[in-house]
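I have placed the structure first, in the form of structure tokens, so that the comments after it can refer back to it.
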Amino acid sequence: MLVKQKKRRLKKNYFKNSGAKQRAKIVATLGNVLKIASLLTVVALMSCAFVFGYDLLTQSSFFSASDIRVSGFDRLTMQQIIDHADIHAGRNIFSINLTTTRKRLLAHPWIKDAEVSREIPSGLAIQITEYEPLAIIDMNHRFLIDQSGIIFKEWDENDPSDLPVIAGLGISDLKVGDGPSSRSFSAIMSVLKLGQKNNSTIPIDQISRIEVDRDIGLTLHVKDQTGAIHLGYHDYPSKYKLLEKVLVYFENKNNDSTLRSIDLNNPNRIVVNIDTKASPATGQKEV
């Protein structure tokens with residue numbers, strides 16, 4: 001006869017829901033709340049301290065700007081730069097946003113670069129770099145290009161007028177950023193840079209106009225001379241040496257003639273057009 005086994009009764013865990021357990025939870029929760037409250041209190045106190053310190057720095061007369069120094073300017077005046085930066089003596093140096101002031105300066109068409117710094121306790125220093133104009137590009141409207149060939153502003157009557165004027169270029173020829181230049185624009189830059197060298201045959205300040213023909217190349221017009229100098233493309237240093245010899249020859253041997261044009265497109269066949277005082281007829285001579 002089988003004997004029925006009694007089911008084993010599981011004992012309940014009375015501690016699990018006991019008052020002690022509940023009290024432990026409450027104590028732990030209160031501890032966490034106190035930690036968070038303490039942290040928030042510290043953060044609030046630090047924020048107040050920062051606000052108080054910031055107000056002290058930006059409103060204290062001890063840090064009022066009494067010495068504003070500007071350097072690096074030539075074309076612009078010191079006052080023009082200060083006005084454009086929108087700063088003035090007496091303003092607290094810590095209330096001035098240096099990044100915003102620099103961006104404001106860079107917005108001026110003649111300022112290429114700028115740096116603004118504080119000199120504690122009461123100084124501000126502005127260092128600028130101005131654009132150096134190289135030539136004027138004439139495309140119905142006139143524009144100034146800098147030493148790297150980048151257009152930096154539209155020319156107006158207050159800008160230099162004695163720079164070489166470049167005619168015959170199109171929008172597609174212009175240099176944009178670090179992109180490549182067209183053949184015509186590269187040729188112009190080569191001639192202008194060559195004219196900046198010491199003892200150049202044609203100094204850049206003597207060039208009045210450069211005309212561009214996409215197929216033939218460059219033609220130079222020199223100040224105080226009516227003759228046109230046809231340079232074509234390529235090998236400009238060698239062509240300048242040949243040009244110097246031609247100019248010296250006609251200066252020494254042909255005082256009764258005037259040069260109308262010199263064609264250096266083919267260095268092996270230099271063609272010179274002249275007007276003689278003795279005869280109004282135009283002569284052509286190969287050198």
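Going through the structure tokens in order, the chains are called A, B, and so on, while each chain numbers its residues from 1 and the ligands are numbered from 1 in the order shown.
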
Please extract the residues of segment 34-280 of chain A with a backbone DSSP assignment of alpha helix (DSSP H) and present them as a count of residues only.
74

Within 7 Å of segment 166-178 of chain A, counting only C-alpha atoms, which residues qualify if same-chain residues fewer than 4 places away don't, as number ranges by chain?
A: 136-139, 149-150, 182, 185, 209-213

Report the distance between atom CA of Ala85 of chain A and atom CA of Thr100 of chain A in Å, rounded to one decimal place.
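Between atom CA of Ala85 of chain A and atom CA of Thr100 of chain A the gap is 9.0 Å.
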
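Between Asp159 of chain A and the candidates A:Leu247, A:Asp215, A:Ile204, A:Trp110, the tightest atom-to-atom separation, counting only C-alpha atoms, involves A:Trp110.
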
Could you go through segment 108-274 of chain A and tell me which residues DSSP, when run on the backbone, assigns to strand (DSSP E or B), listing them as a ChimeraX atom specification?
/A:111-119,123-130,133-139,141-146,151-154,165-167,207-213,217-222,228-232,257-263,271-274

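Note that atom CA of Ser190 of chain A and atom CA of Phe143 of chain A are 19.0 Å apart.
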
From the options A:His234, A:Lys245, A:Arg269, A:Lys239, which residue's atoms come nearest to Met189 of chain A, counting only C-alpha atoms?
A:His234

For each of A:Asn268, A:Thr129, A:Asn140, A:Asn92, take the minimum atom-to-atom distance to Phe73 of chain A, counting only C-alpha atoms, then give the residue where this is smallest.
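Of all the options, A:Thr129 lies closest to Phe73 of chain A.
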